[in-house]
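Undergrad: Just passing along the structure, written as structure tokens.
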Amino acid sequence: MKICITGGAGMIGSNLALDLVQNNYEVTIIDNLWRGNLANLKFNGDYIVDIDSDFFQIDLSDTQNIEQICSILSNADIVVHLADVVAGIGYVFNKQYEIFTQNILINNNLFKAAAQTKISKLIYVGTACSFPLELQSGLHSELVESALFPAHPESAYGWSKLVGQLELQYLSEVVDFEICTLMLHNVYGPNCEFEGERTQVIPSLISNIVRANEGDTITVWGSGSQGRAFIHVNDVISALKKTFVISDLPPYMQIGPSYCTSIKELAEMLIRISEKNLHIYFDKSKPEGDRGRFANFSLAQKYLEWTPTVDLCMGLQQTYKWIYDRSTR
């Protein structure tokens, strides 16, 4: 089976590509390397795909590239569309117009190209950020797909991903391929971006903790009482692979755990993993985003026979080690 992964050099895409190659899938990757990194496509020192023939550095937001995108997709059976503009909360709320317009263009161009090819399925990766803000009110807020509308995402990022989700549903009415959107909660794991303004909460905290000395104070944005439902990248890969072989999927379903972890608890867990004596300062002048949410993943359980399997503590230990090894070289 031939799989094309957009955003394939990013955290999710590169881990997915490695898994697929190791299981004898043919993989091609499209990535403009805005967040992705060619180093993510190496395993044991060698590239997992042929960089000259199976990797394409293309800006999907540029309409001039549609013909080339069509050519690439024409050799694929399934497209996994991961490419988007996403980053940490500070970046997301400071660049709303840029994020919204870029993601709309990325989706529109990719979907136009897909419609002109003979792929059998297109899997779009959406986000729990597309759910209404008022439903993401705390650690006990359970999200269900039936509550997605009427729409009221908090951010331009959530809106842009939701518009892409709707565009794909409308496209499926006029093209001959299957579609499904997996709405992901907060994904973490190896190959994450852990430095700079675009990093997200887990890698950002780990990076700060790794750099800290005994007795230091690390800063956490917000009160710490806000929460997220963290899902390990391996659990996301498991769900994505199941969509390849199962037909008659619902148009969208959530991929995430059935519990929410406060940012305070997350920071404390990571400090324990570090085995350092550190203090936490909660900077309440910084944005928190939504207050909290977690997934009712019953649709994924029903249609994909999927449940998350990676324990949060074990996943954080793995991710901490991955970042530590790259921060202390």
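Residue names in the structure tokens use chain letters A, B, ... in the order shown, residue numbers from 1 in each chain, and ligand numbers from 1 in the order shown.
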Just the residues within 12 Å of stretch 168-172 of chain A, please, counting only C-alpha atoms, with nothing from its chain fewer than 2 positions along; format it as a PyMOL selection string.
TA: chain A and resi 81+104+107-116+120-126+161-166+174-181+250-252
Undergrad: Write out, as a compact mmCIF listing (two decimals), in the first residue's frame, the residues just selected, with N, CA and C atoms.
TA:
```
# COMPACT_ATOMS: atom_id res chain seq x y z
N HIS A 81 -3.26 13.66 5.76
CA HIS A 81 -3.02 15.11 5.69
C HIS A 81 -2.80 15.68 7.09
N ILE A 104 -6.15 27.56 5.75
CA ILE A 104 -7.20 27.47 4.74
C ILE A 104 -6.59 27.18 3.37
N ASN A 107 -5.18 23.50 3.17
CA ASN A 107 -6.24 22.51 2.99
C ASN A 107 -6.87 22.58 1.61
N ASN A 108 -7.18 23.79 1.18
CA ASN A 108 -7.85 23.96 -0.11
C ASN A 108 -7.00 23.42 -1.26
N ASN A 109 -5.71 23.72 -1.26
CA ASN A 109 -4.84 23.26 -2.33
C ASN A 109 -4.67 21.74 -2.30
N LEU A 110 -4.50 21.20 -1.10
CA LEU A 110 -4.33 19.75 -0.99
C LEU A 110 -5.60 19.03 -1.44
N PHE A 111 -6.76 19.52 -1.02
CA PHE A 111 -8.01 18.87 -1.39
C PHE A 111 -8.28 18.98 -2.90
N LYS A 112 -7.95 20.13 -3.49
CA LYS A 112 -8.09 20.28 -4.94
C LYS A 112 -7.24 19.25 -5.68
N ALA A 113 -6.02 19.10 -5.22
CA ALA A 113 -5.12 18.13 -5.87
C ALA A 113 -5.64 16.71 -5.69
N ALA A 114 -6.09 16.39 -4.49
CA ALA A 114 -6.59 15.04 -4.22
C ALA A 114 -7.79 14.72 -5.10
N ALA A 115 -8.64 15.72 -5.35
CA ALA A 115 -9.84 15.50 -6.16
C ALA A 115 -9.50 15.15 -7.60
N GLN A 116 -8.29 15.50 -8.02
CA GLN A 116 -7.89 15.24 -9.41
C GLN A 116 -7.12 13.94 -9.55
N SER A 120 -7.70 6.36 -2.87
CA SER A 120 -8.88 5.65 -2.36
C SER A 120 -9.40 6.25 -1.05
N LYS A 121 -8.51 6.98 -0.34
CA LYS A 121 -8.93 7.51 0.97
C LYS A 121 -8.07 8.70 1.34
N LEU A 122 -8.69 9.68 2.01
CA LEU A 122 -7.96 10.82 2.54
C LEU A 122 -8.31 10.97 4.01
N ILE A 123 -7.29 10.86 4.85
CA ILE A 123 -7.45 11.01 6.30
C ILE A 123 -6.90 12.38 6.70
N TYR A 124 -7.79 13.20 7.23
CA TYR A 124 -7.43 14.56 7.64
C TYR A 124 -7.27 14.58 9.15
N VAL A 125 -6.23 15.24 9.61
CA VAL A 125 -6.00 15.34 11.05
C VAL A 125 -6.51 16.69 11.54
N GLY A 126 -7.59 16.64 12.30
CA GLY A 126 -8.17 17.83 12.90
C GLY A 126 -7.73 17.98 14.35
N LYS A 161 -8.96 24.68 11.28
CA LYS A 161 -9.01 23.22 11.18
C LYS A 161 -10.45 22.74 10.99
N LEU A 162 -11.40 23.43 11.62
CA LEU A 162 -12.80 23.05 11.46
C LEU A 162 -13.29 23.33 10.04
N VAL A 163 -12.88 24.47 9.47
CA VAL A 163 -13.26 24.77 8.09
C VAL A 163 -12.70 23.70 7.15
N GLY A 164 -11.47 23.27 7.38
CA GLY A 164 -10.90 22.20 6.57
C GLY A 164 -11.68 20.90 6.70
N GLN A 165 -12.10 20.62 7.90
CA GLN A 165 -12.91 19.43 8.17
C GLN A 165 -14.22 19.47 7.39
N LEU A 166 -14.87 20.64 7.39
CA LEU A 166 -16.12 20.81 6.65
C LEU A 166 -15.88 20.75 5.14
N VAL A 174 -18.67 14.76 -3.83
CA VAL A 174 -18.51 14.88 -5.27
C VAL A 174 -17.28 14.15 -5.81
N VAL A 175 -16.54 13.45 -4.95
CA VAL A 175 -15.38 12.68 -5.40
C VAL A 175 -15.56 11.22 -5.01
N ASP A 176 -14.74 10.39 -5.63
CA ASP A 176 -14.89 8.95 -5.40
C ASP A 176 -13.78 8.43 -4.49
N PHE A 177 -13.62 9.03 -3.32
CA PHE A 177 -12.73 8.44 -2.32
C PHE A 177 -13.31 8.65 -0.93
N GLU A 178 -12.88 7.77 -0.02
CA GLU A 178 -13.37 7.82 1.35
C GLU A 178 -12.62 8.90 2.13
N ILE A 179 -13.29 9.45 3.14
CA ILE A 179 -12.66 10.48 3.97
C ILE A 179 -12.97 10.21 5.44
N CYS A 180 -12.10 10.72 6.29
CA CYS A 180 -12.36 10.72 7.74
C CYS A 180 -11.44 11.74 8.38
N THR A 181 -11.94 12.45 9.37
CA THR A 181 -11.14 13.38 10.16
C THR A 181 -10.94 12.80 11.55
N PRO A 250 -17.18 7.13 10.21
CA PRO A 250 -17.91 8.40 10.36
C PRO A 250 -17.04 9.55 9.84
N PRO A 251 -17.63 10.70 9.53
CA PRO A 251 -16.83 11.80 8.98
C PRO A 251 -15.77 12.33 9.93
N TYR A 252 -16.00 12.22 11.23
CA TYR A 252 -14.98 12.66 12.17
C TYR A 252 -15.17 11.97 13.52
```
Undergrad: Please identify all polymer residues within 10 Å of A:Tyr47, counting only C-alpha atoms, omitting same-chain residues fewer than 6 positions from it, and present them as a ChimeraX atom specification.
TA: /A:18,38-41
Undergrad: With N, CA, C and O atoms kept, could you save the residues just selected as a PDB file, in the first residue's frame?
TA:
```
ATOM      1  N   LEU A  18       8.047   6.258   9.927  1.00  0.00           N
ATOM      2  CA  LEU A  18       8.951   5.199  10.383  1.00  0.00           C
ATOM      3  C   LEU A  18       8.188   3.899  10.611  1.00  0.00           C
ATOM      4  O   LEU A  18       8.610   2.822  10.166  1.00  0.00           O
ATOM      5  N   LEU A  38      14.370  17.358   8.663  1.00  0.00           N
ATOM      6  CA  LEU A  38      14.871  16.164   7.980  1.00  0.00           C
ATOM      7  C   LEU A  38      15.519  15.181   8.957  1.00  0.00           C
ATOM      8  O   LEU A  38      15.503  13.972   8.730  1.00  0.00           O
ATOM      9  N   ALA A  39      16.053  15.692  10.052  1.00  0.00           N
ATOM     10  CA  ALA A  39      16.656  14.801  11.050  1.00  0.00           C
ATOM     11  C   ALA A  39      15.620  13.848  11.634  1.00  0.00           C
ATOM     12  O   ALA A  39      15.962  12.730  12.058  1.00  0.00           O
ATOM     13  N   ASN A  40      14.354  14.263  11.653  1.00  0.00           N
ATOM     14  CA  ASN A  40      13.297  13.384  12.154  1.00  0.00           C
ATOM     15  C   ASN A  40      13.087  12.172  11.265  1.00  0.00           C
ATOM     16  O   ASN A  40      12.475  11.181  11.697  1.00  0.00           O
ATOM     17  N   LEU A  41      13.556  12.255  10.030  1.00  0.00           N
ATOM     18  CA  LEU A  41      13.357  11.160   9.076  1.00  0.00           C
ATOM     19  C   LEU A  41      14.528  10.189   9.053  1.00  0.00           C
ATOM     20  O   LEU A  41      14.615   9.337   8.175  1.00  0.00           O
TER      21      LEU A  41
END
```
Undergrad: Which residue is closest to A:Ala239? Choose from A:Leu16, A:Ile66, A:Ser225, A:Asp84 and count only C-alpha atoms.
TA: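 Selected residue with least distance to A:Ala239: A:Leu16.
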Undergrad: Hey, what's within 9 Å of A:Gly315 if we count only C-alpha atoms and toss same-chain stuff fewer than 4 positions away? As a list in words, please?
TA: Tyr188, Gly189, Ile231, His232, Val310, Asp311, Thr319 and Tyr320 of chain A
Undergrad: Can you tell me which residues surround stretch 132-143 of chain A at a distance of at most 10 Å, considering only C-alpha atoms, apart from same-chain residues fewer than 6 positions away, and format the answer as a short mmCIF file (atom, residue, chain, number, x, y, z; two decimals) with N, CA, C and O atoms, in the first residue's frame?
TA:
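Written file, selection-v9.cif:
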```
data_model
loop_
_atom_site.label_atom_id
_atom_site.label_comp_id
_atom_site.auth_asym_id
_atom_site.auth_seq_id
_atom_site.Cartn_x
_atom_site.Cartn_y
_atom_site.Cartn_z
N PHE A 149 -21.20 21.19 16.88
CA PHE A 149 -21.97 22.31 16.35
C PHE A 149 -23.15 22.62 17.27
O PHE A 149 -23.69 21.71 17.89
N PRO A 150 -23.57 23.90 17.37
CA PRO A 150 -23.04 25.06 16.63
C PRO A 150 -21.62 25.40 17.02
O PRO A 150 -21.25 25.30 18.20
N ALA A 151 -20.84 25.80 16.03
CA ALA A 151 -19.40 25.96 16.21
C ALA A 151 -19.05 27.26 16.93
O ALA A 151 -19.67 28.29 16.71
N HIS A 152 -18.04 27.16 17.80
CA HIS A 152 -17.53 28.36 18.48
C HIS A 152 -16.12 28.07 19.01
O HIS A 152 -15.88 28.14 20.23
N PRO A 153 -15.16 27.75 18.12
CA PRO A 153 -13.80 27.54 18.59
C PRO A 153 -13.22 28.81 19.21
O PRO A 153 -13.62 29.93 18.86
N GLU A 154 -12.26 28.62 20.11
CA GLU A 154 -11.67 29.77 20.79
C GLU A 154 -10.70 30.53 19.90
O GLU A 154 -10.58 31.75 20.00
N SER A 155 -9.98 29.82 19.02
CA SER A 155 -8.88 30.44 18.29
C SER A 155 -9.06 30.31 16.78
O SER A 155 -9.83 29.48 16.28
N GLY A 158 -8.30 26.76 15.72
CA GLY A 158 -9.43 25.85 15.81
C GLY A 158 -10.43 26.05 14.68
O GLY A 158 -10.96 25.09 14.12
N TRP A 159 -10.68 27.31 14.32
CA TRP A 159 -11.58 27.62 13.22
C TRP A 159 -11.02 27.09 11.90
O TRP A 159 -11.73 26.50 11.08
N SER A 225 -4.15 25.60 36.84
CA SER A 225 -5.38 24.83 37.03
C SER A 225 -6.03 24.45 35.71
O SER A 225 -6.93 23.61 35.67
N GLN A 226 -5.59 25.07 34.62
CA GLN A 226 -6.09 24.69 33.30
C GLN A 226 -5.54 23.31 32.94
O GLN A 226 -4.49 22.90 33.43
N GLY A 227 -6.26 22.59 32.08
CA GLY A 227 -5.84 21.23 31.79
C GLY A 227 -5.93 20.86 30.33
O GLY A 227 -6.57 21.55 29.53
N ARG A 228 -5.30 19.73 29.98
CA ARG A 228 -5.32 19.20 28.63
C ARG A 228 -5.38 17.67 28.70
O ARG A 228 -5.00 17.06 29.70
N ALA A 229 -5.85 17.09 27.61
CA ALA A 229 -5.88 15.63 27.49
C ALA A 229 -4.72 15.23 26.60
O ALA A 229 -4.77 15.42 25.38
N GLN A 254 -12.95 11.69 17.64
CA GLN A 254 -11.86 12.16 18.49
C GLN A 254 -10.85 11.05 18.77
O GLN A 254 -11.20 9.88 18.89
N SER A 258 -9.52 9.66 28.07
CA SER A 258 -10.78 9.97 28.76
C SER A 258 -10.54 10.66 30.10
O SER A 258 -11.31 10.48 31.04
N TYR A 259 -9.46 11.43 30.20
CA TYR A 259 -9.19 12.20 31.41
C TYR A 259 -8.37 13.43 31.03
O TYR A 259 -7.74 13.49 29.98
N CYS A 260 -8.41 14.41 31.89
CA CYS A 260 -7.71 15.67 31.69
C CYS A 260 -6.65 15.83 32.78
O CYS A 260 -6.92 15.53 33.95
N THR A 261 -5.49 16.30 32.40
CA THR A 261 -4.40 16.52 33.34
C THR A 261 -4.16 18.02 33.49
O THR A 261 -4.00 18.72 32.48
N SER A 262 -4.15 18.52 34.72
CA SER A 262 -3.89 19.95 34.90
C SER A 262 -2.44 20.25 34.56
O SER A 262 -1.55 19.40 34.67
N GLY A 289 -5.41 29.72 27.42
CA GLY A 289 -6.24 29.02 26.45
C GLY A 289 -7.48 28.49 27.14
O GLY A 289 -7.91 29.01 28.17
N ASP A 290 -8.07 27.45 26.54
CA ASP A 290 -9.27 26.88 27.15
C ASP A 290 -8.95 26.30 28.52
O ASP A 290 -7.81 25.95 28.83
N ARG A 291 -9.95 26.19 29.36
CA ARG A 291 -9.75 25.75 30.74
C ARG A 291 -9.46 24.26 30.85
O ARG A 291 -8.79 23.82 31.78
N GLY A 292 -9.98 23.46 29.92
CA GLY A 292 -9.71 22.03 29.99
C GLY A 292 -10.75 21.24 29.24
O GLY A 292 -11.88 21.70 29.05
N ARG A 293 -10.36 20.03 28.82
CA ARG A 293 -11.28 19.13 28.11
C ARG A 293 -10.65 17.75 28.03
O ARG A 293 -9.42 17.60 28.19
N PHE A 294 -11.46 16.74 27.81
CA PHE A 294 -10.94 15.41 27.50
C PHE A 294 -11.91 14.73 26.55
O PHE A 294 -13.00 15.23 26.28
N ALA A 295 -11.50 13.59 26.03
CA ALA A 295 -12.24 12.95 24.94
C ALA A 295 -13.18 11.85 25.43
O ALA A 295 -12.79 11.03 26.27
N ASN A 296 -14.36 11.86 24.91
CA ASN A 296 -15.18 10.66 24.91
C ASN A 296 -14.84 9.96 23.59
O ASN A 296 -15.29 10.39 22.52
N PHE A 297 -14.00 8.93 23.65
CA PHE A 297 -13.51 8.32 22.42
C PHE A 297 -14.33 7.10 22.00
O PHE A 297 -13.83 6.19 21.33
#
```
Undergrad: Mind checking DSSP for stretch 240-305 of chain A and telling me the helix (DSSP H, G or I) residues as an MDAnalysis selection string?
TA: chainID A and resid 240:245 263:274 298:304
Undergrad: For the residues in that selection, give me N, CA and C atoms as a PDB file, in the first residue's frame.
TA:
```pdb
ATOM      1  N   LEU A 240      -4.434   6.107  13.267  1.00  0.00           N
ATOM      2  CA  LEU A 240      -4.301   6.412  11.846  1.00  0.00           C
ATOM      3  C   LEU A 240      -4.204   5.139  11.010  1.00  0.00           C
ATOM      4  N   LYS A 241      -3.401   4.196  11.450  1.00  0.00           N
ATOM      5  CA  LYS A 241      -3.229   2.962  10.682  1.00  0.00           C
ATOM      6  C   LYS A 241      -4.529   2.169  10.588  1.00  0.00           C
ATOM      7  N   LYS A 242      -5.331   2.220  11.620  1.00  0.00           N
ATOM      8  CA  LYS A 242      -6.605   1.503  11.577  1.00  0.00           C
ATOM      9  C   LYS A 242      -7.541   2.099  10.526  1.00  0.00           C
ATOM     10  N   THR A 243      -7.451   3.421  10.309  1.00  0.00           N
ATOM     11  CA  THR A 243      -8.322   4.033   9.296  1.00  0.00           C
ATOM     12  C   THR A 243      -7.981   3.542   7.890  1.00  0.00           C
ATOM     13  N   PHE A 244      -6.760   3.066   7.675  1.00  0.00           N
ATOM     14  CA  PHE A 244      -6.358   2.614   6.341  1.00  0.00           C
ATOM     15  C   PHE A 244      -7.170   1.403   5.879  1.00  0.00           C
ATOM     16  N   VAL A 245      -7.522   0.544   6.815  1.00  0.00           N
ATOM     17  CA  VAL A 245      -8.077  -0.767   6.447  1.00  0.00           C
ATOM     18  C   VAL A 245      -9.545  -0.923   6.809  1.00  0.00           C
ATOM     19  N   ILE A 263      -2.182  21.482  34.154  1.00  0.00           N
ATOM     20  CA  ILE A 263      -0.818  21.889  33.827  1.00  0.00           C
ATOM     21  C   ILE A 263       0.052  21.882  35.079  1.00  0.00           C
ATOM     22  N   LYS A 264      -0.542  22.172  36.234  1.00  0.00           N
ATOM     23  CA  LYS A 264       0.198  22.076  37.495  1.00  0.00           C
ATOM     24  C   LYS A 264       0.660  20.638  37.741  1.00  0.00           C
ATOM     25  N   GLU A 265      -0.266  19.691  37.564  1.00  0.00           N
ATOM     26  CA  GLU A 265       0.090  18.281  37.751  1.00  0.00           C
ATOM     27  C   GLU A 265       1.137  17.850  36.738  1.00  0.00           C
ATOM     28  N   LEU A 266       0.998  18.312  35.498  1.00  0.00           N
ATOM     29  CA  LEU A 266       1.974  17.976  34.459  1.00  0.00           C
ATOM     30  C   LEU A 266       3.363  18.467  34.845  1.00  0.00           C
ATOM     31  N   ALA A 267       3.464  19.730  35.271  1.00  0.00           N
ATOM     32  CA  ALA A 267       4.763  20.291  35.647  1.00  0.00           C
ATOM     33  C   ALA A 267       5.370  19.520  36.813  1.00  0.00           C
ATOM     34  N   GLU A 268       4.553  19.158  37.773  1.00  0.00           N
ATOM     35  CA  GLU A 268       5.053  18.402  38.931  1.00  0.00           C
ATOM     36  C   GLU A 268       5.526  17.015  38.518  1.00  0.00           C
ATOM     37  N   MET A 269       4.817  16.375  37.612  1.00  0.00           N
ATOM     38  CA  MET A 269       5.244  15.056  37.117  1.00  0.00           C
ATOM     39  C   MET A 269       6.597  15.149  36.433  1.00  0.00           C
ATOM     40  N   LEU A 270       6.780  16.170  35.597  1.00  0.00           N
ATOM     41  CA  LEU A 270       8.035  16.317  34.863  1.00  0.00           C
ATOM     42  C   LEU A 270       9.194  16.646  35.798  1.00  0.00           C
ATOM     43  N   ILE A 271       8.935  17.424  36.838  1.00  0.00           N
ATOM     44  CA  ILE A 271       9.991  17.709  37.815  1.00  0.00           C
ATOM     45  C   ILE A 271      10.393  16.432  38.541  1.00  0.00           C
ATOM     46  N   ARG A 272       9.412  15.600  38.884  1.00  0.00           N
ATOM     47  CA  ARG A 272       9.750  14.315  39.528  1.00  0.00           C
ATOM     48  C   ARG A 272      10.586  13.445  38.585  1.00  0.00           C
ATOM     49  N   ILE A 273      10.234  13.435  37.316  1.00  0.00           N
ATOM     50  CA  ILE A 273      10.998  12.655  36.345  1.00  0.00           C
ATOM     51  C   ILE A 273      12.431  13.155  36.257  1.00  0.00           C
ATOM     52  N   SER A 274      12.616  14.475  36.361  1.00  0.00           N
ATOM     53  CA  SER A 274      13.953  15.062  36.261  1.00  0.00           C
ATOM     54  C   SER A 274      14.822  14.765  37.472  1.00  0.00           C
ATOM     55  N   SER A 298     -15.605   7.098  22.370  1.00  0.00           N
ATOM     56  CA  SER A 298     -16.446   5.934  22.086  1.00  0.00           C
ATOM     57  C   SER A 298     -16.606   5.681  20.588  1.00  0.00           C
ATOM     58  N   LEU A 299     -16.607   6.741  19.767  1.00  0.00           N
ATOM     59  CA  LEU A 299     -16.711   6.520  18.318  1.00  0.00           C
ATOM     60  C   LEU A 299     -15.466   5.809  17.788  1.00  0.00           C
ATOM     61  N   ALA A 300     -14.280   6.242  18.228  1.00  0.00           N
ATOM     62  CA  ALA A 300     -13.048   5.575  17.807  1.00  0.00           C
ATOM     63  C   ALA A 300     -13.007   4.138  18.318  1.00  0.00           C
ATOM     64  N   GLN A 301     -13.536   3.939  19.505  1.00  0.00           N
ATOM     65  CA  GLN A 301     -13.584   2.589  20.054  1.00  0.00           C
ATOM     66  C   GLN A 301     -14.519   1.701  19.236  1.00  0.00           C
ATOM     67  N   LYS A 302     -15.643   2.268  18.817  1.00  0.00           N
ATOM     68  CA  LYS A 302     -16.637   1.504  18.060  1.00  0.00           C
ATOM     69  C   LYS A 302     -16.159   1.193  16.643  1.00  0.00           C
ATOM     70  N   TYR A 303     -15.673   2.208  15.932  1.00  0.00           N
ATOM     71  CA  TYR A 303     -15.352   2.026  14.513  1.00  0.00           C
ATOM     72  C   TYR A 303     -13.933   1.536  14.265  1.00  0.00           C
ATOM     73  N   LEU A 304     -13.002   1.922  15.129  1.00  0.00           N
ATOM     74  CA  LEU A 304     -11.596   1.546  14.931  1.00  0.00           C
ATOM     75  C   LEU A 304     -11.121   0.491  15.911  1.00  0.00           C
TER      76      LEU A 304
END
```
Undergrad: Pick out each residue of stretch 185-310 of chain A that DSSP on the backbone tags as strand (DSSP E or B); I need them as a list in words.
TA: Asn186, Val187, Tyr188, Thr217, Ile218, Thr219, Val220, Trp221, Gly227, Arg228, Phe230, Ile231, His232, Tyr252, Met253, Gln254, Ile255, Thr261, Ser262, His279, Ile280, Tyr281, Phe282, Asp283, Gly292, Arg293, Phe294 and Ala295 of chain A
Undergrad: Find the residues around A:Val201 up to 9 Å (only C-alpha atoms counted), leave out those fewer than 5 positions away in its own chain, and share them as a list of chain:residue names.
TA: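 Within the cut-off, the hits are A:Gly88, A:Ile89, A:Ile206, A:Ile263.
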